[in-house]
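Text of target21.cif, listed as mmCIF, C-alpha atoms:
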data_entry
#
loop_
_atom_site.label_atom_id
_atom_site.label_comp_id
_atom_site.auth_asym_id
_atom_site.auth_seq_id
_atom_site.Cartn_x
_atom_site.Cartn_y
_atom_site.Cartn_z
CA MET A 1 4.87 38.76 22.61
CA GLU A 2 3.63 36.77 19.61
CA LYS A 3 0.22 35.16 19.96
CA GLN A 4 0.50 31.41 20.27
CA SER A 5 -0.78 29.76 17.13
CA GLU A 6 -3.56 27.30 17.83
CA VAL A 7 -2.66 23.66 17.27
CA LYS A 8 -5.18 20.86 17.88
CA LEU A 9 -4.67 17.16 17.38
CA PHE A 10 -7.67 14.85 17.02
CA GLY A 11 -6.64 11.30 17.83
CA THR A 12 -7.20 8.10 19.73
CA TRP A 13 -4.83 6.99 22.49
CA SER A 14 -4.21 3.54 21.04
CA SER A 15 -3.50 4.51 17.43
CA GLY A 16 0.14 4.44 16.38
CA TYR A 17 -0.66 6.89 13.58
CA CYS A 18 -1.72 9.44 16.23
CA THR A 19 1.36 8.67 18.35
CA ARG A 20 3.42 9.74 15.32
CA ILE A 21 1.97 13.24 15.41
CA GLU A 22 2.37 13.62 19.17
CA LEU A 23 6.01 12.57 18.90
CA ALA A 24 6.66 15.12 16.15
CA LEU A 25 4.92 17.98 17.97
CA LYS A 26 6.73 17.22 21.22
CA LEU A 27 10.11 16.88 19.49
CA LYS A 28 9.66 20.32 17.97
CA GLY A 29 8.38 21.80 21.21
CA ILE A 30 5.04 22.79 19.70
CA PRO A 31 2.26 23.23 22.27
CA TYR A 32 -0.99 21.58 21.25
CA GLU A 33 -4.41 20.64 22.49
CA TYR A 34 -5.22 16.95 22.24
CA VAL A 35 -8.79 15.88 21.54
CA GLU A 36 -9.56 12.21 22.18
CA GLU A 37 -12.04 10.78 19.67
CA ASP A 38 -14.36 7.85 20.18
CA LEU A 39 -14.23 6.18 16.77
CA SER A 40 -17.51 4.35 17.42
CA ASN A 41 -19.13 7.76 17.87
CA LYS A 42 -17.19 10.29 15.81
CA SER A 43 -17.57 13.93 16.72
CA ASP A 44 -19.13 16.39 14.27
CA LEU A 45 -15.91 18.36 14.51
CA LEU A 46 -13.81 15.40 13.33
CA ILE A 47 -16.12 14.80 10.39
CA HIS A 48 -16.02 18.53 9.60
CA HIS A 49 -12.22 18.56 9.62
CA ASN A 50 -11.77 15.27 7.74
CA PRO A 51 -14.85 14.78 5.58
CA VAL A 52 -12.97 12.65 3.07
CA HIS A 53 -11.79 9.87 5.40
CA LYS A 54 -13.43 10.67 8.76
CA LYS A 55 -10.33 9.26 10.47
CA VAL A 56 -7.69 10.22 12.99
CA PRO A 57 -5.15 11.71 13.25
CA VAL A 58 -6.18 15.17 12.09
CA LEU A 59 -4.04 18.20 12.85
CA VAL A 60 -5.86 21.52 12.92
CA HIS A 61 -3.55 24.52 12.80
CA ASN A 62 -5.16 27.95 13.06
CA GLY A 63 -8.40 26.40 11.88
CA LYS A 64 -6.89 24.62 8.86
CA ALA A 65 -7.13 20.83 8.94
CA ILE A 66 -4.58 18.33 7.66
CA ALA A 67 -5.19 14.57 7.57
CA GLU A 68 -3.04 11.49 6.82
CA SER A 69 -0.17 10.94 9.24
CA LEU A 70 2.72 11.12 6.75
CA VAL A 71 1.26 14.30 5.21
CA ILE A 72 0.92 15.81 8.70
CA LEU A 73 4.53 14.91 9.61
CA GLU A 74 5.84 16.66 6.47
CA TYR A 75 3.68 19.70 7.26
CA ILE A 76 5.04 19.89 10.80
CA ASP A 77 8.64 19.72 9.52
CA GLU A 78 7.99 22.37 6.85
CA HIS A 79 5.94 24.85 8.83
CA TRP A 80 7.97 24.64 12.04
CA ASN A 81 11.23 24.35 10.20
CA HIS A 82 13.48 24.81 13.23
CA THR A 83 15.59 22.00 14.66
CA PRO A 84 15.31 19.20 15.30
CA LYS A 85 14.47 18.52 11.65
CA LEU A 86 12.46 15.38 11.04
CA LEU A 87 13.69 14.87 7.49
CA PRO A 88 17.31 15.13 6.33
CA ALA A 89 18.34 18.09 4.14
CA ASP A 90 19.66 16.20 1.11
CA PRO A 91 16.99 15.34 -1.54
CA TYR A 92 18.30 11.79 -2.06
CA GLU A 93 18.37 11.09 1.67
CA ARG A 94 14.84 12.50 1.92
CA ALA A 95 13.73 10.23 -0.92
CA LYS A 96 15.10 7.18 0.92
CA VAL A 97 13.27 8.14 4.13
CA ARG A 98 10.00 8.70 2.26
CA PHE A 99 10.41 5.43 0.36
CA TRP A 100 10.81 3.34 3.49
CA ALA A 101 8.08 5.20 5.38
CA ASN A 102 5.71 4.37 2.53
CA PHE A 103 6.96 0.78 2.37
CA TYR A 104 6.35 0.35 6.08
CA ASP A 105 2.78 1.65 5.84
CA GLN A 106 1.86 0.00 2.54
CA LYS A 107 3.50 -3.40 3.04
CA PHE A 108 4.30 -4.05 6.67
CA GLY A 109 1.17 -2.47 8.18
CA PRO A 110 -1.27 -4.57 6.12
CA SER A 111 0.79 -7.72 6.78
CA ILE A 112 0.36 -7.14 10.51
CA TYR A 113 -3.35 -6.53 9.99
CA ASN A 114 -3.58 -9.91 8.25
CA ILE A 115 -2.12 -11.58 11.33
CA ILE A 116 -4.58 -9.81 13.60
CA THR A 117 -7.58 -10.84 11.50
CA SER A 118 -6.72 -14.50 10.89
CA LYS A 119 -6.51 -17.72 12.88
CA GLY A 120 -4.87 -21.12 12.78
CA LYS A 121 -3.11 -22.12 9.56
CA GLU A 122 -4.10 -18.87 7.88
CA GLN A 123 -2.49 -16.92 10.69
CA GLU A 124 0.69 -19.00 10.48
CA LYS A 125 0.94 -18.09 6.80
CA ALA A 126 0.22 -14.42 7.62
CA ILE A 127 3.05 -14.47 10.20
CA GLU A 128 5.46 -15.95 7.65
CA ASP A 129 4.45 -13.32 5.08
CA SER A 130 4.93 -10.55 7.63
CA ARG A 131 8.39 -11.86 8.51
CA GLU A 132 9.30 -11.82 4.82
CA VAL A 133 8.21 -8.19 4.53
CA LEU A 134 10.12 -7.32 7.67
CA LYS A 135 13.24 -8.97 6.23
CA VAL A 136 13.00 -6.86 3.06
CA PHE A 137 12.48 -3.76 5.22
CA GLU A 138 15.38 -4.56 7.51
CA GLU A 139 17.77 -5.25 4.61
CA GLY A 140 16.67 -2.08 2.89
CA ILE A 141 17.21 0.07 5.97
CA GLU A 142 20.67 -1.38 6.53
CA ARG A 143 21.60 -0.77 2.90
CA ASP A 144 20.18 2.76 2.69
CA PHE A 145 21.20 4.05 6.13
CA PRO A 146 24.49 2.27 6.87
CA ALA A 147 25.98 4.61 9.44
CA LYS A 148 23.05 5.44 11.67
CA SER A 149 22.89 4.30 15.26
CA PRO A 150 20.98 4.26 17.53
CA PHE A 151 18.38 6.25 15.61
CA LEU A 152 18.28 6.72 11.89
CA ASN A 153 18.42 10.48 12.23
CA GLY A 154 21.54 10.41 14.41
CA GLY A 155 20.98 11.48 18.00
CA THR A 156 17.28 12.36 17.92
CA LEU A 157 14.21 10.67 16.57
CA GLY A 158 13.66 11.44 12.90
CA PHE A 159 10.87 10.87 10.40
CA LEU A 160 11.46 7.16 9.94
CA ASP A 161 12.04 6.52 13.65
CA ILE A 162 8.69 8.18 14.35
CA VAL A 163 6.87 6.27 11.60
CA VAL A 164 8.25 2.89 12.67
CA GLY A 165 8.54 3.39 16.43
CA SER A 166 4.99 4.66 16.88
CA THR A 167 3.67 1.20 16.05
CA ALA A 168 6.64 -1.15 16.38
CA CYS A 169 7.48 -0.01 19.91
CA ASN A 170 4.22 -1.63 20.99
CA PHE A 171 5.58 -5.01 19.92
CA LYS A 172 5.40 -6.50 23.41
CA ALA A 173 1.64 -5.93 23.46
CA PHE A 174 1.33 -7.38 19.98
CA ASN A 175 3.46 -10.44 20.81
CA GLU A 176 1.36 -11.02 23.92
CA VAL A 177 -2.05 -10.80 22.28
CA PHE A 178 -1.44 -12.29 18.85
CA ALA A 179 1.82 -13.92 17.95
CA VAL A 180 5.52 -13.35 18.16
CA VAL A 181 6.44 -11.53 14.97
CA PHE A 182 9.12 -9.28 16.38
CA ASP A 183 11.81 -11.84 17.11
CA PRO A 184 15.30 -10.51 17.98
CA GLU A 185 16.85 -13.71 16.64
CA LYS A 186 15.21 -13.46 13.24
CA ASN A 187 15.44 -9.66 12.87
CA PRO A 188 18.27 -8.50 15.14
CA ALA A 189 18.90 -5.12 13.49
CA PHE A 190 15.23 -4.15 13.43
CA CYS A 191 14.61 -5.27 17.00
CA SER A 192 17.65 -3.49 18.41
CA TRP A 193 16.58 -0.29 16.62
CA VAL A 194 13.04 -0.59 18.01
CA THR A 195 14.34 -1.39 21.50
CA ALA A 196 16.61 1.66 21.47
CA MET A 197 13.64 3.82 20.49
CA LYS A 198 11.44 2.24 23.12
CA ASP A 199 13.98 3.24 25.77
CA CYS A 200 14.13 6.90 24.81
CA PRO A 201 12.28 9.18 27.26
CA LEU A 202 10.10 10.87 24.64
CA MET A 203 8.85 7.53 23.34
CA LYS A 204 8.25 6.26 26.88
CA GLU A 205 6.06 9.22 27.76
CA THR A 206 4.11 9.16 24.49
CA LEU A 207 3.41 5.47 23.82
CA PRO A 208 0.14 4.06 25.15
CA PRO A 209 0.51 2.17 28.46
CA HIS A 210 1.24 -1.52 27.81
CA ASP A 211 -1.48 -3.12 29.94
CA ARG A 212 -4.16 -0.77 28.71
CA LEU A 213 -3.16 -1.49 25.11
CA VAL A 214 -3.16 -5.27 25.67
CA ALA A 215 -6.64 -5.05 27.16
CA LYS A 216 -7.94 -2.94 24.31
CA ILE A 217 -6.55 -4.95 21.40
CA SER A 218 -7.57 -8.23 23.02
CA LYS A 219 -11.11 -6.97 23.41
CA PHE A 220 -11.27 -5.42 19.96
CA PHE A 221 -9.68 -8.14 17.86
CA LEU A 222 -9.99 -11.41 19.73
CA LYS A 223 -13.71 -11.81 19.42
CA PRO A 224 -15.05 -15.17 20.59
CA PRO A 225 -15.71 -17.56 17.67
CA LYS A 226 -19.30 -17.63 16.41
CA ALA A 227 -21.28 -20.63 17.66
CA MET B 1 28.29 18.83 -16.91
CA ALA B 2 25.16 16.86 -17.74
CA GLU B 3 24.08 14.55 -14.97
CA GLU B 4 22.84 11.17 -16.08
CA VAL B 5 19.11 10.67 -15.61
CA LYS B 6 17.45 7.37 -16.50
CA LEU B 7 13.82 6.40 -16.23
CA PHE B 8 12.75 2.75 -16.08
CA ARG B 9 9.16 2.50 -17.23
CA THR B 10 6.59 0.55 -19.23
CA TRP B 11 4.63 1.85 -22.22
CA SER B 12 1.33 1.97 -20.34
CA SER B 13 1.99 2.64 -16.66
CA PRO B 14 0.17 5.76 -15.44
CA PHE B 15 2.61 5.95 -12.52
CA ALA B 16 5.57 6.18 -14.88
CA LEU B 17 3.77 8.73 -17.03
CA ARG B 18 3.76 11.11 -14.05
CA ILE B 19 7.54 11.05 -14.10
CA VAL B 20 7.74 11.55 -17.89
CA TRP B 21 5.54 14.62 -17.53
CA ALA B 22 7.54 16.02 -14.61
CA LEU B 23 10.89 15.57 -16.36
CA LYS B 24 9.63 17.17 -19.56
CA ILE B 25 7.88 20.05 -17.78
CA LYS B 26 11.17 20.85 -16.09
CA GLY B 27 13.17 20.39 -19.29
CA ILE B 28 15.33 17.61 -17.81
CA GLU B 29 17.07 15.38 -20.34
CA TYR B 30 16.83 11.70 -19.60
CA GLU B 31 17.17 8.23 -21.08
CA THR B 32 14.19 5.88 -21.15
CA ILE B 33 14.50 2.17 -20.46
CA PHE B 34 11.35 0.25 -21.28
CA GLU B 35 10.78 -2.79 -19.09
CA ASP B 36 8.88 -5.97 -19.85
CA LEU B 37 7.37 -6.79 -16.47
CA SER B 38 7.10 -10.46 -17.34
CA ASP B 39 10.89 -10.49 -17.82
CA LYS B 40 12.37 -7.85 -15.54
CA SER B 41 15.88 -6.67 -16.30
CA PRO B 42 18.71 -7.29 -13.80
CA SER B 43 19.09 -3.50 -13.60
CA LEU B 44 15.50 -3.03 -12.46
CA LEU B 45 15.87 -5.76 -9.83
CA GLN B 46 19.08 -4.15 -8.64
CA TYR B 47 17.62 -0.64 -8.51
CA ASN B 48 14.30 -1.58 -6.87
CA PRO B 49 14.83 -4.82 -4.95
CA ALA B 50 12.06 -4.06 -2.44
CA HIS B 51 9.20 -3.81 -4.93
CA LYS B 52 10.73 -4.85 -8.28
CA LYS B 53 8.42 -2.32 -9.94
CA ILE B 54 8.54 0.67 -12.24
CA PRO B 55 8.86 3.60 -12.36
CA VAL B 56 12.43 3.92 -11.10
CA LEU B 57 14.42 7.09 -11.62
CA VAL B 58 18.19 6.74 -11.56
CA HIS B 59 20.06 10.03 -11.12
CA SER B 60 23.83 9.84 -11.36
CA GLY B 61 23.61 6.19 -10.38
CA LYS B 62 21.27 6.78 -7.42
CA PRO B 63 17.95 4.92 -7.74
CA ILE B 64 14.63 6.31 -6.49
CA ALA B 65 11.38 4.31 -6.62
CA GLU B 66 7.68 5.04 -5.91
CA SER B 67 6.18 7.70 -8.17
CA TYR B 68 5.34 10.32 -5.52
CA VAL B 69 8.74 9.91 -3.88
CA ILE B 70 10.32 10.41 -7.32
CA LEU B 71 8.18 13.51 -8.02
CA GLU B 72 9.23 15.09 -4.70
CA TYR B 73 12.87 14.26 -5.45
CA ILE B 74 12.63 15.83 -8.90
CA ASP B 75 10.98 18.96 -7.46
CA GLU B 76 13.66 19.31 -4.77
CA THR B 77 16.58 18.66 -7.12
CA TRP B 78 15.53 20.71 -10.17
CA LYS B 79 13.90 23.83 -8.78
CA GLU B 80 12.67 25.46 -12.00
CA THR B 81 8.92 25.20 -12.79
CA PRO B 82 7.98 23.95 -9.31
CA LEU B 83 5.39 21.19 -9.08
CA LEU B 84 4.48 21.68 -5.42
CA PRO B 85 3.35 25.05 -4.07
CA GLU B 86 5.59 26.98 -1.66
CA ASP B 87 3.25 27.31 1.29
CA PRO B 88 3.44 24.36 3.74
CA TYR B 89 -0.35 24.08 4.10
CA GLU B 90 -0.85 24.13 0.32
CA ARG B 91 1.87 21.49 0.00
CA ALA B 92 0.08 19.35 2.57
CA MET B 93 -3.17 19.65 0.63
CA ALA B 94 -1.39 18.65 -2.59
CA ARG B 95 0.11 15.58 -0.94
CA PHE B 96 -3.26 14.71 0.59
CA TRP B 97 -5.11 14.83 -2.74
CA ALA B 98 -2.38 12.93 -4.56
CA LYS B 99 -2.63 10.15 -1.99
CA PHE B 100 -6.42 10.23 -2.19
CA GLY B 101 -6.13 9.84 -5.95
CA ASP B 102 -4.20 6.58 -5.71
CA ASP B 103 -5.71 5.11 -2.55
CA LYS B 104 -9.35 5.88 -3.29
CA VAL B 105 -10.07 7.18 -6.80
CA LEU B 106 -7.85 4.77 -8.74
CA THR B 107 -8.80 1.82 -6.56
CA SER B 108 -12.54 2.43 -6.68
CA ILE B 109 -12.59 3.01 -10.43
CA VAL B 110 -10.13 0.44 -11.80
CA TRP B 111 -10.35 -2.28 -9.12
CA GLY B 112 -13.96 -1.47 -8.29
CA VAL B 113 -16.17 -0.36 -11.17
CA PHE B 114 -14.05 -1.48 -14.11
CA ILE B 115 -13.47 -5.13 -13.26
CA LYS B 116 -17.02 -5.79 -12.06
CA GLU B 117 -20.48 -6.09 -13.56
CA GLY B 118 -24.12 -6.10 -12.57
CA LYS B 119 -25.06 -5.40 -8.97
CA GLU B 120 -21.42 -5.48 -7.80
CA GLN B 121 -20.55 -2.82 -10.34
CA GLU B 122 -23.49 -0.67 -9.25
CA GLU B 123 -22.25 -0.81 -5.64
CA ALA B 124 -18.71 0.01 -6.75
CA MET B 125 -20.06 2.99 -8.74
CA VAL B 126 -21.54 4.52 -5.57
CA GLU B 127 -18.11 4.51 -3.96
CA ALA B 128 -16.40 5.82 -7.12
CA MET B 129 -18.94 8.64 -7.51
CA LYS B 130 -18.36 9.71 -3.90
CA ASN B 131 -14.61 9.92 -4.54
CA LEU B 132 -15.00 11.79 -7.83
CA TRP B 133 -17.30 14.26 -6.15
CA PHE B 134 -14.49 15.24 -3.76
CA LEU B 135 -12.29 15.98 -6.78
CA GLU B 136 -15.05 18.02 -8.40
CA GLU B 137 -15.32 20.13 -5.23
CA GLU B 138 -11.55 20.57 -5.09
CA LEU B 139 -11.56 22.08 -8.60
CA ARG B 140 -14.03 24.82 -7.68
CA GLY B 141 -12.58 28.19 -8.75
CA LYS B 142 -9.55 26.59 -10.39
CA LYS B 143 -8.57 25.60 -13.89
CA PHE B 144 -6.09 22.98 -12.75
CA PHE B 145 -5.70 21.36 -9.33
CA GLY B 146 -2.45 23.33 -9.16
CA GLY B 147 -4.28 26.61 -9.87
CA GLU B 148 -3.46 28.51 -13.04
CA ARG B 149 -0.92 25.94 -14.18
CA ILE B 150 -0.35 22.22 -13.91
CA GLY B 151 1.08 21.06 -10.58
CA PHE B 152 1.71 18.00 -8.45
CA VAL B 153 -1.93 16.97 -8.07
CA ASP B 154 -2.61 17.36 -11.80
CA LEU B 155 0.28 14.99 -12.51
CA ALA B 156 -0.95 12.62 -9.78
CA LEU B 157 -4.51 12.51 -11.14
CA GLY B 158 -3.54 12.94 -14.78
CA TRP B 159 -4.24 9.29 -15.60
CA LEU B 160 -7.96 10.12 -15.31
CA ALA B 161 -7.79 12.44 -18.31
CA ASN B 162 -6.90 9.57 -20.63
CA LEU B 163 -7.81 6.30 -18.96
CA ILE B 164 -11.42 7.10 -17.98
CA ASN B 165 -12.46 7.27 -21.61
CA ILE B 166 -10.78 3.92 -22.32
CA LEU B 167 -12.36 2.25 -19.30
CA GLU B 168 -15.78 3.62 -20.26
CA ASP B 169 -15.42 2.21 -23.80
CA VAL B 170 -14.30 -1.22 -22.62
CA ALA B 171 -16.76 -1.62 -19.75
CA GLY B 172 -19.61 0.06 -21.62
CA GLN B 173 -20.27 2.15 -18.54
CA LYS B 174 -20.18 5.93 -18.14
CA ILE B 175 -17.96 6.87 -15.21
CA VAL B 176 -17.36 10.63 -15.43
CA ASP B 177 -20.64 12.09 -16.63
CA GLU B 178 -20.20 15.66 -17.88
CA ASP B 179 -23.53 16.67 -16.34
CA LYS B 180 -22.63 15.28 -12.93
CA PHE B 181 -18.96 16.40 -13.02
CA PRO B 182 -18.68 19.52 -15.23
CA LEU B 183 -15.48 20.81 -13.60
CA LEU B 184 -13.72 17.46 -13.63
CA SER B 185 -14.76 16.88 -17.26
CA ALA B 186 -13.41 20.29 -18.25
CA TRP B 187 -10.17 19.61 -16.37
CA MET B 188 -9.79 16.24 -18.11
CA LYS B 189 -10.01 17.98 -21.51
CA ASP B 190 -7.70 20.86 -20.53
CA PHE B 191 -5.12 18.54 -19.02
CA ALA B 192 -5.22 15.99 -21.86
CA ASN B 193 -4.68 18.74 -24.43
CA SER B 194 -1.95 20.62 -22.56
CA PRO B 195 1.46 20.92 -24.19
CA ILE B 196 3.80 18.06 -23.21
CA ILE B 197 0.89 16.07 -21.76
CA LYS B 198 -0.83 15.59 -25.11
CA ASP B 199 2.34 14.33 -26.80
CA ASN B 200 2.94 11.55 -24.32
CA TRP B 201 -0.25 9.52 -24.02
CA PRO B 202 0.18 5.78 -24.67
CA PRO B 203 -1.36 4.51 -27.95
CA ARG B 204 -5.13 4.18 -27.59
CA VAL B 205 -5.60 0.96 -29.56
CA GLN B 206 -3.10 -0.87 -27.39
CA MET B 207 -4.65 0.56 -24.23
CA ILE B 208 -8.12 -0.65 -25.27
CA ALA B 209 -6.72 -4.14 -25.94
CA LYS B 210 -4.83 -4.20 -22.63
CA PHE B 211 -7.80 -3.14 -20.54
CA ARG B 212 -10.23 -5.37 -22.40
CA ALA B 213 -7.96 -8.32 -21.56
CA LEU B 214 -7.77 -7.19 -17.92
CA ARG B 215 -11.55 -6.89 -17.56
CA ASP B 216 -12.18 -10.24 -19.27
CA ALA B 217 -9.65 -11.99 -17.04
CA LYS B 218 -11.05 -10.48 -13.83
CA LEU B 219 -14.66 -11.24 -14.73
CA ALA B 220 -13.74 -14.82 -15.66
CA ALA B 221 -11.88 -15.28 -12.38
CA ALA B 222 -14.83 -13.91 -10.40
CA ALA B 223 -17.28 -16.16 -12.25
CA SER B 224 -15.19 -19.29 -11.71
CA SER B 225 -14.80 -18.64 -7.98
CA LYS B 226 -18.58 -18.54 -7.41
#

Go ahead and render the structure in this file as structure tokens.
Amino acid sequence: MEKQSEVKLFGTWSSGYCTRIELALKLKGIPYEYVEEDLSNKSDLLIHHNPVHKKVPVLVHNGKAIAESLVILEYIDEHWNHTPKLLPADPYERAKVRFWANFYDQKFGPSIYNIITSKGKEQEKAIEDSREVLKVFEEGIERDFPAKSPFLNGGTLGFLDIVVGSTACNFKAFNEVFAVVFDPEKNPAFCSWVTAMKDCPLMKETLPPHDRLVAKISKFFLKPPKA
Amino acid sequence: MAEEVKLFRTWSSPFALRIVWALKIKGIEYETIFEDLSDKSPSLLQYNPAHKKIPVLVHSGKPIAESYVILEYIDETWKETPLLPEDPYERAMARFWAKFGDDKVLTSIVWGVFIKEGKEQEEAMVEAMKNLWFLEEELRGKKFFGGERIGFVDLALGWLANLINILEDVAGQKIVDEDKFPLLSAWMKDFANSPIIKDNWPPRVQMIAKFRALRDAKLAAAASSK
């Protein structure tokens, strides 16, 4: 029998970027060891494996480390190239998936961060900006993936489902702690996609528990105002 | 039957230059459409409504935006002279360094060191040096980031080989010191003088003028906000 190849994932339980990797590994049926990192006290091993960014997630496969969640996802799909495939086969379809994955991380992610780190009028503006970005994203997804339902990849979670769902599926926690950005009336297509993903068993078992997440992000981000 | 390939670009964009290099390295015929970003064409807005930016590659009517997404598309569609290595781990490393180039190196040099002065610039230099050092280490034992020949990471970082010199002239500040970064300096020369690459650099005089204007504007804005 073939020796199991060693797969380790360094992550934190509350990070959507780490959830992405767990979803991909589980989808592909790849056994792995999970190492929980305390980002306020990073392990020597994490810094050794990701000296450039010192961040999670880091995938270590047979001793070789890969960092950056989108890079890791592509690696998983290429090395373990059995089904289910995360990316479609056609180069143009792949380009569309990569484009929107990058858009989500480069535009939507920071817009959410701006909401988290602002208050009052500034936060209202940040919420409006985020809604604008979400609108562009939603319209783009509908235009570029017209036939796909419930998930963009057809029946199983694909690359873009994983990228978006890993953070967006926590929207209830976000709405509770900060502000309602994910509004089914304003973004019906996006919200129904996210809801469908939230209900899938793999997502349910991999997402961080709601109450624990609410407690953590409240504590971390809602610091009391300085006197 | 020749497929129609169009590239929307500007004369100076380093992101678009990556695509020019890739297309020429692979011997792909294409039509260039130069954009004036202060007066974007309806075609550009139609082909890239999300960002309204260049470069955009249009292949048989299908638009692709974002330079690394375009490079991957080109590599997957035209398989001769591959840009990415075959091995999945090597591919992951290439993607990692390309991303590092844009997220950290470009940002710390252009939006850090170049548009600042005095103490702020000194602080920005520390960050830039750290990032450049990672690139220096990555070149150990290699002529190009791609190995023996130019690859994905070389195209991703290629802007360094031409722009660093221009930034140093305009800001009056050495950024890539040959003594500190011998491998990177050698790579910059080798890359800049490589066939195809050397024929496609934007005109130096115009680049100096453009970046002088950028630095002046940013310094003025910073001064007036104090």

For this session: Please provide as a PyMOL selection string all residues within 12 Å of region 28-38 of chain A, with the sequence filter that same-chain residues fewer than 2 positions apart are discarded (counting all atoms listed in the file).
Result: chain A and resi 4-15+18-19+21-26+40-47+54-62+73+76-86+156-158+202

For this session: Between CA of His51 (chain B) and CA of Lys198 (chain A), measure the distance and give it in Å to one decimal.
Result: 28.8 Å

For this session: Go through the shown structure with the PyMOL selection byres ((chain A) within 9 of (chain B)) and write out the matching residues as a ChimeraX atom specification.
Result: /A:52,64-68,71-72,74-76,78-79,90-92,94-96,98-99,102-103,133,136-137,140

For this session: For CA of Glu142 (chain A) and CA of Ala189 (chain A), quote the distance in Å rounded to one decimal.
Result: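 The value is 8.1 Å.
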
For this session: Would you translate the PyMOL selection byres ((chain A and resi 166-182) around 7) into the concrete set of residues it matches in this file, as a ChimeraX atom specification?
Result: /A:16-17,19-20,116,127,131,162-165,183-184,191,194,198,210,213-214,218

Output as a PDB file, keeping the file's coordinate frame: region 125-139 of chain B, completed with N, CA and C atoms.
ATOM      1  N   MET B 125     -19.841   1.658  -8.169  1.00  0.00           N
ATOM      2  CA  MET B 125     -20.060   2.990  -8.740  1.00  0.00           C
ATOM      3  C   MET B 125     -20.385   4.021  -7.654  1.00  0.00           C
ATOM      4  N   VAL B 126     -21.164   3.595  -6.655  1.00  0.00           N
ATOM      5  CA  VAL B 126     -21.540   4.520  -5.570  1.00  0.00           C
ATOM      6  C   VAL B 126     -20.281   5.059  -4.900  1.00  0.00           C
ATOM      7  N   GLU B 127     -19.372   4.141  -4.596  1.00  0.00           N
ATOM      8  CA  GLU B 127     -18.110   4.510  -3.960  1.00  0.00           C
ATOM      9  C   GLU B 127     -17.276   5.413  -4.879  1.00  0.00           C
ATOM     10  N   ALA B 128     -17.187   5.047  -6.153  1.00  0.00           N
ATOM     11  CA  ALA B 128     -16.400   5.820  -7.120  1.00  0.00           C
ATOM     12  C   ALA B 128     -16.966   7.235  -7.278  1.00  0.00           C
ATOM     13  N   MET B 129     -18.290   7.336  -7.345  1.00  0.00           N
ATOM     14  CA  MET B 129     -18.940   8.640  -7.510  1.00  0.00           C
ATOM     15  C   MET B 129     -18.629   9.557  -6.323  1.00  0.00           C
ATOM     16  N   LYS B 130     -18.663   8.960  -5.133  1.00  0.00           N
ATOM     17  CA  LYS B 130     -18.360   9.710  -3.900  1.00  0.00           C
ATOM     18  C   LYS B 130     -16.950  10.301  -4.005  1.00  0.00           C
ATOM     19  N   ASN B 131     -16.006   9.482  -4.441  1.00  0.00           N
ATOM     20  CA  ASN B 131     -14.610   9.920  -4.540  1.00  0.00           C
ATOM     21  C   ASN B 131     -14.445  10.996  -5.603  1.00  0.00           C
ATOM     22  N   LEU B 132     -15.098  10.807  -6.753  1.00  0.00           N
ATOM     23  CA  LEU B 132     -15.000  11.790  -7.830  1.00  0.00           C
ATOM     24  C   LEU B 132     -15.608  13.114  -7.421  1.00  0.00           C
ATOM     25  N   TRP B 133     -16.645  13.042  -6.613  1.00  0.00           N
ATOM     26  CA  TRP B 133     -17.300  14.260  -6.150  1.00  0.00           C
ATOM     27  C   TRP B 133     -16.332  15.126  -5.333  1.00  0.00           C
ATOM     28  N   PHE B 134     -15.490  14.479  -4.523  1.00  0.00           N
ATOM     29  CA  PHE B 134     -14.490  15.240  -3.760  1.00  0.00           C
ATOM     30  C   PHE B 134     -13.537  15.979  -4.700  1.00  0.00           C
ATOM     31  N   LEU B 135     -13.169  15.336  -5.802  1.00  0.00           N
ATOM     32  CA  LEU B 135     -12.290  15.980  -6.780  1.00  0.00           C
ATOM     33  C   LEU B 135     -12.992  17.150  -7.449  1.00  0.00           C
ATOM     34  N   GLU B 136     -14.256  16.950  -7.795  1.00  0.00           N
ATOM     35  CA  GLU B 136     -15.050  18.020  -8.400  1.00  0.00           C
ATOM     36  C   GLU B 136     -15.059  19.251  -7.497  1.00  0.00           C
ATOM     37  N   GLU B 137     -15.292  19.018  -6.204  1.00  0.00           N
ATOM     38  CA  GLU B 137     -15.320  20.130  -5.230  1.00  0.00           C
ATOM     39  C   GLU B 137     -13.962  20.813  -5.143  1.00  0.00           C
ATOM     40  N   GLU B 138     -12.905  20.042  -5.227  1.00  0.00           N
ATOM     41  CA  GLU B 138     -11.550  20.570  -5.090  1.00  0.00           C
ATOM     42  C   GLU B 138     -11.180  21.476  -6.274  1.00  0.00           C
ATOM     43  N   LEU B 139     -11.854  21.277  -7.412  1.00  0.00           N
ATOM     44  CA  LEU B 139     -11.560  22.080  -8.600  1.00  0.00           C
ATOM     45  C   LEU B 139     -12.301  23.414  -8.626  1.00  0.00           C
TER      46      LEU B 139
END
